[in-house]
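Q: See target_31.pdb below, with PDB, C-alpha atoms, pLDDT in the B column.
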```pdb
ATOM      1  CA  MET A   1    -105.964  28.137  -9.334  1.00 58.00           C
ATOM      2  CA  ASN A   2    -105.847  27.387 -13.041  1.00 73.00           C
ATOM      3  CA  VAL A   3    -108.091  24.605 -14.345  1.00 77.00           C
ATOM      4  CA  ILE A   4    -106.605  21.976 -16.676  1.00 86.00           C
ATOM      5  CA  ASP A   5    -109.068  21.429 -19.493  1.00 86.00           C
ATOM      6  CA  ALA A   6    -107.496  18.155 -20.654  1.00 90.00           C
ATOM      7  CA  TRP A   7    -104.387  16.233 -19.636  1.00 93.00           C
ATOM      8  CA  ASP A   8    -101.950  14.822 -22.157  1.00 91.00           C
ATOM      9  CA  GLY A   9     -98.519  13.233 -21.774  1.00 90.00           C
ATOM     10  CA  ARG A  10     -96.700  16.571 -21.818  1.00 89.00           C
ATOM     11  CA  LYS A  11     -98.814  18.092 -19.046  1.00 92.00           C
ATOM     12  CA  ALA A  12     -98.553  14.943 -16.933  1.00 93.00           C
ATOM     13  CA  CYS A  13     -94.748  15.016 -17.246  1.00 92.00           C
ATOM     14  CA  ALA A  14     -94.718  18.723 -16.407  1.00 91.00           C
ATOM     15  CA  LEU A  15     -96.627  17.950 -13.205  1.00 94.00           C
ATOM     16  CA  GLN A  16     -94.063  15.274 -12.348  1.00 94.00           C
ATOM     17  CA  GLN A  17     -91.276  17.812 -12.861  1.00 91.00           C
ATOM     18  CA  ALA A  18     -93.147  20.400 -10.791  1.00 91.00           C
ATOM     19  CA  PHE A  19     -93.287  17.920  -7.913  1.00 94.00           C
ATOM     20  CA  ARG A  20     -89.518  17.349  -8.395  1.00 92.00           C
ATOM     21  CA  MET A  21     -90.095  13.590  -8.423  1.00 92.00           C
ATOM     22  CA  THR A  22     -88.549  10.715 -10.315  1.00 91.00           C
ATOM     23  CA  GLN A  23     -90.796   8.606 -12.523  1.00 89.00           C
ATOM     24  CA  GLU A  24     -90.880   5.954  -9.809  1.00 91.00           C
ATOM     25  CA  ALA A  25     -91.796   8.432  -7.065  1.00 91.00           C
ATOM     26  CA  PHE A  26     -94.444  10.132  -9.217  1.00 94.00           C
ATOM     27  CA  ALA A  27     -96.004   6.787 -10.112  1.00 92.00           C
ATOM     28  CA  ASP A  28     -96.153   5.892  -6.410  1.00 93.00           C
ATOM     29  CA  HIS A  29     -97.620   9.313  -5.585  1.00 95.00           C
ATOM     30  CA  LEU A  30    -100.412   8.836  -8.127  1.00 95.00           C
ATOM     31  CA  GLY A  31    -100.959   5.137  -7.472  1.00 94.00           C
ATOM     32  CA  VAL A  32    -100.169   4.094 -11.051  1.00 92.00           C
ATOM     33  CA  SER A  33     -97.452   1.932 -12.615  1.00 91.00           C
ATOM     34  CA  VAL A  34     -94.022   3.280 -13.569  1.00 87.00           C
ATOM     35  CA  ARG A  35     -94.751   2.036 -17.089  1.00 86.00           C
ATOM     36  CA  THR A  36     -97.744   4.383 -17.260  1.00 90.00           C
ATOM     37  CA  VAL A  37     -95.568   7.382 -16.396  1.00 90.00           C
ATOM     38  CA  GLY A  38     -92.982   6.197 -18.913  1.00 87.00           C
ATOM     39  CA  LYS A  39     -95.684   6.106 -21.585  1.00 86.00           C
ATOM     40  CA  TRP A  40     -96.498   9.760 -20.896  1.00 89.00           C
ATOM     41  CA  HIS A  41     -92.864  10.627 -21.553  1.00 84.00           C
ATOM     42  CA  ALA A  42     -92.848   8.540 -24.730  1.00 83.00           C
ATOM     43  CA  GLU A  43     -96.123   9.987 -26.043  1.00 82.00           C
ATOM     44  CA  PRO A  44     -96.233  13.657 -24.964  1.00 83.00           C
ATOM     45  CA  ASP A  45     -99.117  14.486 -27.314  1.00 82.00           C
ATOM     46  CA  GLY A  46    -101.173  11.440 -26.403  1.00 82.00           C
ATOM     47  CA  ALA A  47    -104.525  12.014 -24.700  1.00 84.00           C
ATOM     48  CA  LEU A  48    -105.080  10.260 -21.376  1.00 89.00           C
ATOM     49  CA  ARG A  49    -107.951   8.018 -20.388  1.00 88.00           C
ATOM     50  CA  PRO A  50    -110.728   9.580 -18.231  1.00 90.00           C
ATOM     51  CA  ASP A  51    -109.601   7.729 -15.097  1.00 91.00           C
ATOM     52  CA  MET A  52    -106.059   9.060 -15.508  1.00 92.00           C
ATOM     53  CA  GLN A  53    -107.427  12.567 -16.107  1.00 92.00           C
ATOM     54  CA  GLN A  54    -109.211  12.361 -12.757  1.00 93.00           C
ATOM     55  CA  ILE A  55    -106.113  11.081 -10.946  1.00 95.00           C
ATOM     56  CA  LEU A  56    -104.031  13.975 -12.280  1.00 94.00           C
ATOM     57  CA  ASP A  57    -106.794  16.492 -11.512  1.00 93.00           C
ATOM     58  CA  THR A  58    -106.744  15.355  -7.891  1.00 94.00           C
ATOM     59  CA  ALA A  59    -102.947  15.472  -7.656  1.00 95.00           C
ATOM     60  CA  TYR A  60    -102.869  18.979  -9.135  1.00 93.00           C
ATOM     61  CA  GLU A  61    -105.668  20.284  -6.906  1.00 92.00           C
ATOM     62  CA  ARG A  62    -103.996  18.911  -3.762  1.00 93.00           C
ATOM     63  CA  ALA A  63    -100.523  20.168  -4.694  1.00 92.00           C
ATOM     64  CA  ALA A  64     -98.885  23.035  -2.831  1.00 91.00           C
ATOM     65  CA  ASP A  65     -99.030  26.508  -4.387  1.00 89.00           C
ATOM     66  CA  THR A  66     -95.310  26.341  -5.212  1.00 90.00           C
ATOM     67  CA  VAL A  67     -95.835  23.096  -7.132  1.00 90.00           C
ATOM     68  CA  ARG A  68     -98.730  24.546  -9.129  1.00 89.00           C
ATOM     69  CA  HIS A  69     -96.684  27.661  -9.879  1.00 88.00           C
ATOM     70  CA  ARG A  70     -93.769  25.585 -11.197  1.00 88.00           C
ATOM     71  CA  PHE A  71     -96.225  23.526 -13.233  1.00 89.00           C
ATOM     72  CA  ASN A  72     -97.658  26.613 -14.937  1.00 86.00           C
ATOM     73  CA  LEU A  73     -94.156  27.896 -15.706  1.00 84.00           C
ATOM     74  CA  LEU A  74     -93.178  24.542 -17.212  1.00 84.00           C
ATOM     75  CA  LEU A  75     -96.141  24.642 -19.582  1.00 82.00           C
ATOM     76  CA  ARG A  76     -94.807  27.778 -21.247  1.00 77.00           C
ATOM     77  CA  PRO A  77     -93.223  27.021 -24.648  1.00 64.00           C
ATOM     78  CA  SER A  78     -89.503  26.420 -24.412  1.00 55.00           C
ATOM     79  CA  PRO A  79     -87.086  26.138 -27.359  1.00 49.00           C
ATOM     80  CA  ALA A  80     -84.932  23.883 -25.224  1.00 48.00           C
ATOM     81  CA  ALA A  81     -87.652  21.261 -24.809  1.00 46.00           C
ATOM     82  CA  THR A  82     -86.403  17.720 -25.449  1.00 45.00           C
ATOM     83  CA  PRO A  83     -87.904  16.271 -28.627  1.00 47.00           C
ATOM     84  CA  ALA A  84     -89.821  13.019 -28.381  1.00 45.00           C
ATOM     85  CA  GLN A  85     -87.346  11.409 -30.796  1.00 43.00           C
ATOM     86  CA  SER A  86     -84.688  11.347 -28.055  1.00 62.00           C
ATOM     87  CA  LEU A  87     -86.733   8.832 -26.080  1.00 82.00           C
ATOM     88  CA  ARG A  88     -86.150   5.136 -26.730  1.00 89.00           C
ATOM     89  CA  VAL A  89     -88.415   2.131 -26.272  1.00 93.00           C
ATOM     90  CA  ALA A  90     -87.251  -1.491 -26.227  1.00 96.00           C
ATOM     91  CA  ILE A  91     -89.734  -3.833 -27.924  1.00 96.00           C
ATOM     92  CA  ALA A  92     -89.504  -7.593 -27.370  1.00 98.00           C
ATOM     93  CA  VAL A  93     -90.610 -10.032 -30.061  1.00 98.00           C
ATOM     94  CA  VAL A  94     -90.846 -13.253 -28.049  1.00 98.00           C
ATOM     95  CA  LEU A  95     -91.084 -16.629 -29.758  1.00 98.00           C
ATOM     96  CA  ARG A  96     -92.262 -19.920 -28.267  1.00 97.00           C
ATOM     97  CA  GLY A  97     -92.241 -22.499 -31.028  1.00 95.00           C
ATOM     98  CA  ALA A  98     -94.757 -21.310 -33.612  1.00 95.00           C
ATOM     99  CA  GLU A  99     -96.255 -18.672 -31.293  1.00 97.00           C
ATOM    100  CA  VAL A 100     -95.429 -15.048 -30.488  1.00 98.00           C
ATOM    101  CA  LEU A 101     -96.217 -13.180 -27.265  1.00 98.00           C
ATOM    102  CA  LEU A 102     -98.554 -10.157 -27.433  1.00 97.00           C
ATOM    103  CA  VAL A 103    -100.112  -7.773 -24.934  1.00 96.00           C
ATOM    104  CA  CYS A 104    -103.448  -6.024 -25.430  1.00 95.00           C
ATOM    105  CA  ARG A 105    -102.967  -2.335 -24.589  1.00 88.00           C
ATOM    106  CA  ARG A 106    -105.740  -0.178 -23.214  1.00 83.00           C
ATOM    107  CA  GLY A 107    -106.348   3.002 -25.224  1.00 71.00           C
ATOM    108  CA  ASP A 108    -108.617   6.001 -25.339  1.00 55.00           C
ATOM    109  CA  ASP A 109    -110.792   4.705 -28.150  1.00 61.00           C
ATOM    110  CA  ALA A 110    -109.985   1.028 -28.624  1.00 68.00           C
ATOM    111  CA  LEU A 111    -107.797  -1.834 -27.478  1.00 76.00           C
ATOM    112  CA  SER A 112    -104.708  -2.660 -29.519  1.00 88.00           C
ATOM    113  CA  TRP A 113    -102.446  -5.699 -29.592  1.00 94.00           C
ATOM    114  CA  GLN A 114     -98.699  -5.016 -29.420  1.00 94.00           C
ATOM    115  CA  PHE A 115     -95.417  -6.680 -28.541  1.00 97.00           C
ATOM    116  CA  PRO A 116     -94.216  -6.231 -24.916  1.00 96.00           C
ATOM    117  CA  ALA A 117     -92.248  -2.999 -24.562  1.00 94.00           C
ATOM    118  CA  GLY A 118     -90.717  -0.620 -22.056  1.00 91.00           C
ATOM    119  CA  MET A 119     -88.945   2.724 -21.844  1.00 90.00           C
ATOM    120  CA  CYS A 120     -85.137   2.739 -21.858  1.00 91.00           C
ATOM    121  CA  LYS A 121     -83.531   4.972 -19.252  1.00 85.00           C
ATOM    122  CA  PRO A 122     -80.358   6.810 -20.320  1.00 83.00           C
ATOM    123  CA  GLY A 123     -77.467   4.362 -20.494  1.00 85.00           C
ATOM    124  CA  ALA A 124     -79.646   1.257 -20.259  1.00 89.00           C
ATOM    125  CA  ALA A 125     -78.987  -1.577 -22.708  1.00 93.00           C
ATOM    126  CA  VAL A 126     -81.893  -2.174 -25.078  1.00 95.00           C
ATOM    127  CA  THR A 127     -81.583  -5.957 -24.750  1.00 97.00           C
ATOM    128  CA  ALA A 128     -81.677  -5.813 -20.953  1.00 96.00           C
ATOM    129  CA  VAL A 129     -84.759  -3.584 -20.970  1.00 95.00           C
ATOM    130  CA  ALA A 130     -86.521  -5.917 -23.408  1.00 96.00           C
ATOM    131  CA  VAL A 131     -85.911  -8.885 -21.107  1.00 97.00           C
ATOM    132  CA  GLN A 132     -86.843  -7.028 -17.915  1.00 96.00           C
ATOM    133  CA  GLU A 133     -89.982  -5.374 -19.276  1.00 95.00           C
ATOM    134  CA  THR A 134     -91.275  -8.605 -20.794  1.00 97.00           C
ATOM    135  CA  HIS A 135     -91.068 -10.249 -17.388  1.00 96.00           C
ATOM    136  CA  ALA A 136     -92.533  -7.189 -15.630  1.00 94.00           C
ATOM    137  CA  GLU A 137     -95.521  -7.085 -17.992  1.00 94.00           C
ATOM    138  CA  THR A 138     -96.204 -10.766 -18.524  1.00 97.00           C
ATOM    139  CA  GLY A 139     -94.242 -12.883 -16.034  1.00 97.00           C
ATOM    140  CA  VAL A 140     -92.429 -14.604 -18.914  1.00 98.00           C
ATOM    141  CA  HIS A 141     -88.660 -15.139 -18.803  1.00 98.00           C
ATOM    142  CA  VAL A 142     -86.892 -14.748 -22.146  1.00 98.00           C
ATOM    143  CA  ALA A 143     -83.416 -14.895 -23.669  1.00 98.00           C
ATOM    144  CA  VAL A 144     -82.223 -12.510 -26.368  1.00 97.00           C
ATOM    145  CA  ARG A 145     -81.580 -14.075 -29.760  1.00 96.00           C
ATOM    146  CA  GLU A 146     -80.707 -10.957 -31.770  1.00 96.00           C
ATOM    147  CA  GLU A 147     -81.421  -7.265 -32.231  1.00 95.00           C
ATOM    148  CA  LEU A 148     -83.631  -6.586 -35.254  1.00 95.00           C
ATOM    149  CA  GLY A 149     -82.973  -2.874 -35.658  1.00 94.00           C
ATOM    150  CA  THR A 150     -84.199   0.577 -34.664  1.00 93.00           C
ATOM    151  CA  ARG A 151     -86.556   3.077 -36.269  1.00 91.00           C
ATOM    152  CA  VAL A 152     -88.448   6.236 -35.378  1.00 87.00           C
ATOM    153  CA  HIS A 153     -91.893   4.862 -34.631  1.00 82.00           C
ATOM    154  CA  PRO A 154     -94.353   6.237 -37.217  1.00 79.00           C
ATOM    155  CA  LYS A 155     -97.122   6.814 -34.657  1.00 77.00           C
ATOM    156  CA  THR A 156     -95.348   7.897 -31.465  1.00 76.00           C
ATOM    157  CA  GLY A 157     -92.167   9.499 -32.846  1.00 79.00           C
ATOM    158  CA  VAL A 158     -89.948   7.726 -30.297  1.00 85.00           C
ATOM    159  CA  LEU A 159     -86.940   5.604 -31.157  1.00 89.00           C
ATOM    160  CA  ALA A 160     -88.156   2.011 -31.183  1.00 92.00           C
ATOM    161  CA  SER A 161     -85.533  -0.740 -30.871  1.00 95.00           C
ATOM    162  CA  TYR A 162     -86.693  -4.280 -31.624  1.00 96.00           C
ATOM    163  CA  VAL A 163     -85.235  -7.383 -29.990  1.00 97.00           C
ATOM    164  CA  LEU A 164     -85.982 -10.976 -31.035  1.00 97.00           C
ATOM    165  CA  CYS A 165     -86.216 -13.211 -27.956  1.00 98.00           C
ATOM    166  CA  ASP A 166     -86.797 -16.879 -27.160  1.00 98.00           C
ATOM    167  CA  TYR A 167     -89.143 -18.115 -24.433  1.00 98.00           C
ATOM    168  CA  LEU A 168     -87.423 -19.665 -21.411  1.00 98.00           C
ATOM    169  CA  ALA A 169     -90.020 -20.143 -18.657  1.00 97.00           C
ATOM    170  CA  GLY A 170     -93.076 -18.725 -16.933  1.00 96.00           C
ATOM    171  CA  GLU A 171     -96.823 -18.622 -17.452  1.00 96.00           C
ATOM    172  CA  ALA A 172     -98.002 -15.607 -19.438  1.00 97.00           C
ATOM    173  CA  SER A 173    -100.268 -13.401 -17.309  1.00 96.00           C
ATOM    174  CA  ASN A 174    -101.311  -9.765 -17.203  1.00 95.00           C
ATOM    175  CA  LEU A 175     -99.127  -8.181 -14.522  1.00 93.00           C
ATOM    176  CA  ASP A 176     -99.883  -4.579 -15.546  1.00 89.00           C
ATOM    177  CA  ALA A 177    -103.664  -4.307 -15.508  1.00 87.00           C
ATOM    178  CA  VAL A 178    -103.523  -0.504 -15.644  1.00 84.00           C
ATOM    179  CA  GLU A 179    -101.875  -0.462 -19.089  1.00 86.00           C
ATOM    180  CA  ASN A 180    -102.933  -3.839 -20.471  1.00 90.00           C
ATOM    181  CA  MET A 181    -106.212  -5.680 -20.865  1.00 92.00           C
ATOM    182  CA  ASP A 182    -104.749  -9.093 -21.625  1.00 95.00           C
ATOM    183  CA  VAL A 183    -101.686 -11.162 -22.575  1.00 97.00           C
ATOM    184  CA  ALA A 184    -101.716 -13.998 -25.105  1.00 97.00           C
ATOM    185  CA  TRP A 185     -99.579 -16.403 -27.104  1.00 98.00           C
ATOM    186  CA  VAL A 186    -100.655 -15.969 -30.717  1.00 97.00           C
ATOM    187  CA  PRO A 187     -99.930 -18.390 -33.585  1.00 97.00           C
ATOM    188  CA  LEU A 188     -97.461 -16.857 -36.035  1.00 96.00           C
ATOM    189  CA  ALA A 189     -99.882 -17.575 -38.849  1.00 94.00           C
ATOM    190  CA  SER A 190    -102.504 -15.408 -37.117  1.00 95.00           C
ATOM    191  CA  LEU A 191    -100.263 -12.469 -36.125  1.00 96.00           C
ATOM    192  CA  THR A 192    -101.575 -10.077 -38.773  1.00 94.00           C
ATOM    193  CA  ARG A 193    -105.118 -10.644 -37.486  1.00 94.00           C
ATOM    194  CA  PHE A 194    -103.974  -8.972 -34.250  1.00 95.00           C
ATOM    195  CA  ILE A 195    -101.530  -6.403 -35.666  1.00 94.00           C
ATOM    196  CA  PRO A 196    -102.003  -5.225 -39.286  1.00 92.00           C
ATOM    197  CA  ALA A 197     -99.004  -6.172 -41.422  1.00 92.00           C
ATOM    198  CA  GLU A 198     -98.424  -2.549 -42.424  1.00 91.00           C
ATOM    199  CA  ASN A 199     -97.926  -1.636 -38.746  1.00 90.00           C
ATOM    200  CA  ILE A 200     -95.247  -4.284 -38.159  1.00 93.00           C
ATOM    201  CA  TYR A 201     -91.570  -3.348 -38.581  1.00 93.00           C
ATOM    202  CA  PRO A 202     -90.497  -5.280 -41.727  1.00 93.00           C
ATOM    203  CA  PRO A 203     -87.434  -6.967 -40.140  1.00 94.00           C
ATOM    204  CA  ILE A 204     -89.831  -8.544 -37.616  1.00 95.00           C
ATOM    205  CA  LEU A 205     -91.818 -10.193 -40.392  1.00 93.00           C
ATOM    206  CA  SER A 206     -88.606 -11.415 -42.012  1.00 92.00           C
ATOM    207  CA  ALA A 207     -87.361 -12.869 -38.711  1.00 92.00           C
ATOM    208  CA  LEU A 208     -90.669 -14.601 -38.026  1.00 91.00           C
ATOM    209  CA  GLU A 209     -90.774 -16.095 -41.507  1.00 88.00           C
ATOM    210  CA  ALA A 210     -87.324 -17.566 -40.917  1.00 84.00           C
ATOM    211  CA  ALA A 211     -88.178 -18.826 -37.422  1.00 74.00           C
TER
END
```
Can you dump the structure from the file as structure tokens?
A:
Amino acid sequence: MNVIDAWDGRKACALQQAFRMTQEAFADHLGVSVRTVGKWHAEPDGALRPDMQQILDTAYERAADTVRHRFNLLLRPSPAATPAQSLRVAIAVVLRGAEVLLVCRRGDDALSWQFPAGMCKPGAAVTAVAVQETHAETGVHVAVREELGTRVHPKTGVLASYVLCDYLAGEASNLDAVENMDVAWVPLASLTRFIPAENIYPPILSALEAA
């Protein structure tokens, strides 16, 4: 049996494909959130945290020989591989008065504050995903105000679509403890203390200034 020296998003997704599972089924099989599996698809070159490495090691070691064989075949370079740019993420910029909603993502080296976000399945409306994922991550209900635009994210290479939303109801809480450390309402005046201005999509800053 081959030994995996280090897992990244691409290898994790290859294992999912080798098991012939959907993202939901693979997440259930591993005992992680669907959002975590979606992140592997969105960031194929991203390194995984040590605890995730161990979970995937165990799944691979316990897999049937046919699954491991398919996995090794899938890791061979393929010119038909889908580029990361074809994946889309819906990002919700949620306003409540003079505050904006942020989540603190867990990472390999450090924590980072970001806007709530989720992967868009083929055919899914960006606005609907923004609303659904915000509630799934934070328990907050929102209404879409307007779409702010789309860009290829400079760090992940995925298509990032930004949606400006208004708070409706719900107490903000961390409902995805695997991916997130915390959830917080942050004063607009303090936003760049959490996310550097150069990392924020310019139309977001324009929309917040006009809010």
Q: Each residue of stretch 43-147 of chain A with at least one atom at most 7 Å from stretch 178-184 of chain A should appear once, together with its nearest atom pair and the corresponding distance in Å (one decimal); atoms considered: only C-alpha atoms; ordering: chain, then increasing residue number; output as JSON lines.
A:
```
{"residue": "A:Leu101", "atom": "CA", "partner": "A:Ala184", "partner_atom": "CA", "distance": 6.0}
{"residue": "A:Leu102", "atom": "CA", "partner": "A:Ala184", "partner_atom": "CA", "distance": 5.5}
{"residue": "A:Val103", "atom": "CA", "partner": "A:Val183", "partner_atom": "CA", "distance": 4.4}
{"residue": "A:Cys104", "atom": "CA", "partner": "A:Asp182", "partner_atom": "CA", "distance": 5.1}
{"residue": "A:Arg105", "atom": "CA", "partner": "A:Asn180", "partner_atom": "CA", "distance": 4.4}
{"residue": "A:Arg106", "atom": "CA", "partner": "A:Asn180", "partner_atom": "CA", "distance": 5.4}
{"residue": "A:Thr138", "atom": "CA", "partner": "A:Val183", "partner_atom": "CA", "distance": 6.8}
```
Q: Once the PyMOL selection byres ((chain A and resi 56-68) around 8) is applied to the coordinates I shared, what remains selected? I want it as a PDB file with C-alpha atoms, in the frame of the given file.
A:
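Result file follows (expr-v3.pdb):
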```pdb
ATOM      1  CA  ILE A   4    -106.605  21.976 -16.676  1.00 86.00           C
ATOM      2  CA  TRP A   7    -104.387  16.233 -19.636  1.00 93.00           C
ATOM      3  CA  ALA A  12     -98.553  14.943 -16.933  1.00 93.00           C
ATOM      4  CA  LEU A  15     -96.627  17.950 -13.205  1.00 94.00           C
ATOM      5  CA  ALA A  18     -93.147  20.400 -10.791  1.00 91.00           C
ATOM      6  CA  PHE A  19     -93.287  17.920  -7.913  1.00 94.00           C
ATOM      7  CA  LEU A  30    -100.412   8.836  -8.127  1.00 95.00           C
ATOM      8  CA  MET A  52    -106.059   9.060 -15.508  1.00 92.00           C
ATOM      9  CA  GLN A  53    -107.427  12.567 -16.107  1.00 92.00           C
ATOM     10  CA  GLN A  54    -109.211  12.361 -12.757  1.00 93.00           C
ATOM     11  CA  ILE A  55    -106.113  11.081 -10.946  1.00 95.00           C
ATOM     12  CA  HIS A  69     -96.684  27.661  -9.879  1.00 88.00           C
ATOM     13  CA  ARG A  70     -93.769  25.585 -11.197  1.00 88.00           C
ATOM     14  CA  PHE A  71     -96.225  23.526 -13.233  1.00 89.00           C
ATOM     15  CA  ASN A  72     -97.658  26.613 -14.937  1.00 86.00           C
TER      16      ASN A  72
END
```
Q: Compile the contact shell of A:Ala189 as a list in words: residues with an atom at most 10 Å away, counting all atoms listed in the file, same-chain residues fewer than 2 positions apart removed.
A: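 What passes the distance filter is Ala98, Glu99, Val100, Val186, Pro187, Leu191, Thr192, Arg193, Leu208 and Glu209 of chain A.
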Q: Do you have the atom CA of A:Asp166-atom CA of A:Gly139 distance handy?
A: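 Atom CA of A:Gly139 lies 14.0 Å from atom CA of A:Asp166.
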Q: Could you build a table of the residues in stretch 116-148 of chain A lying no more than 7 Å from stretch 85-94 of chain A, giving for each the nearest pair of atoms and their separation in Å rounded to one decimal place, using only C-alpha atoms, ordered by chain and ascending residue number, as JSON lines?
A:
```
{"residue": "A:Pro116", "atom": "CA", "partner": "A:Ala92", "partner_atom": "CA", "distance": 5.5}
{"residue": "A:Ala117", "atom": "CA", "partner": "A:Ile91", "partner_atom": "CA", "distance": 4.3}
{"residue": "A:Gly118", "atom": "CA", "partner": "A:Ala90", "partner_atom": "CA", "distance": 5.5}
{"residue": "A:Met119", "atom": "CA", "partner": "A:Val89", "partner_atom": "CA", "distance": 4.5}
{"residue": "A:Cys120", "atom": "CA", "partner": "A:Arg88", "partner_atom": "CA", "distance": 5.5}
{"residue": "A:Val126", "atom": "CA", "partner": "A:Ala90", "partner_atom": "CA", "distance": 5.5}
{"residue": "A:Val129", "atom": "CA", "partner": "A:Ala90", "partner_atom": "CA", "distance": 6.2}
{"residue": "A:Ala130", "atom": "CA", "partner": "A:Ala92", "partner_atom": "CA", "distance": 5.2}
{"residue": "A:Thr134", "atom": "CA", "partner": "A:Ala92", "partner_atom": "CA", "distance": 6.9}
```
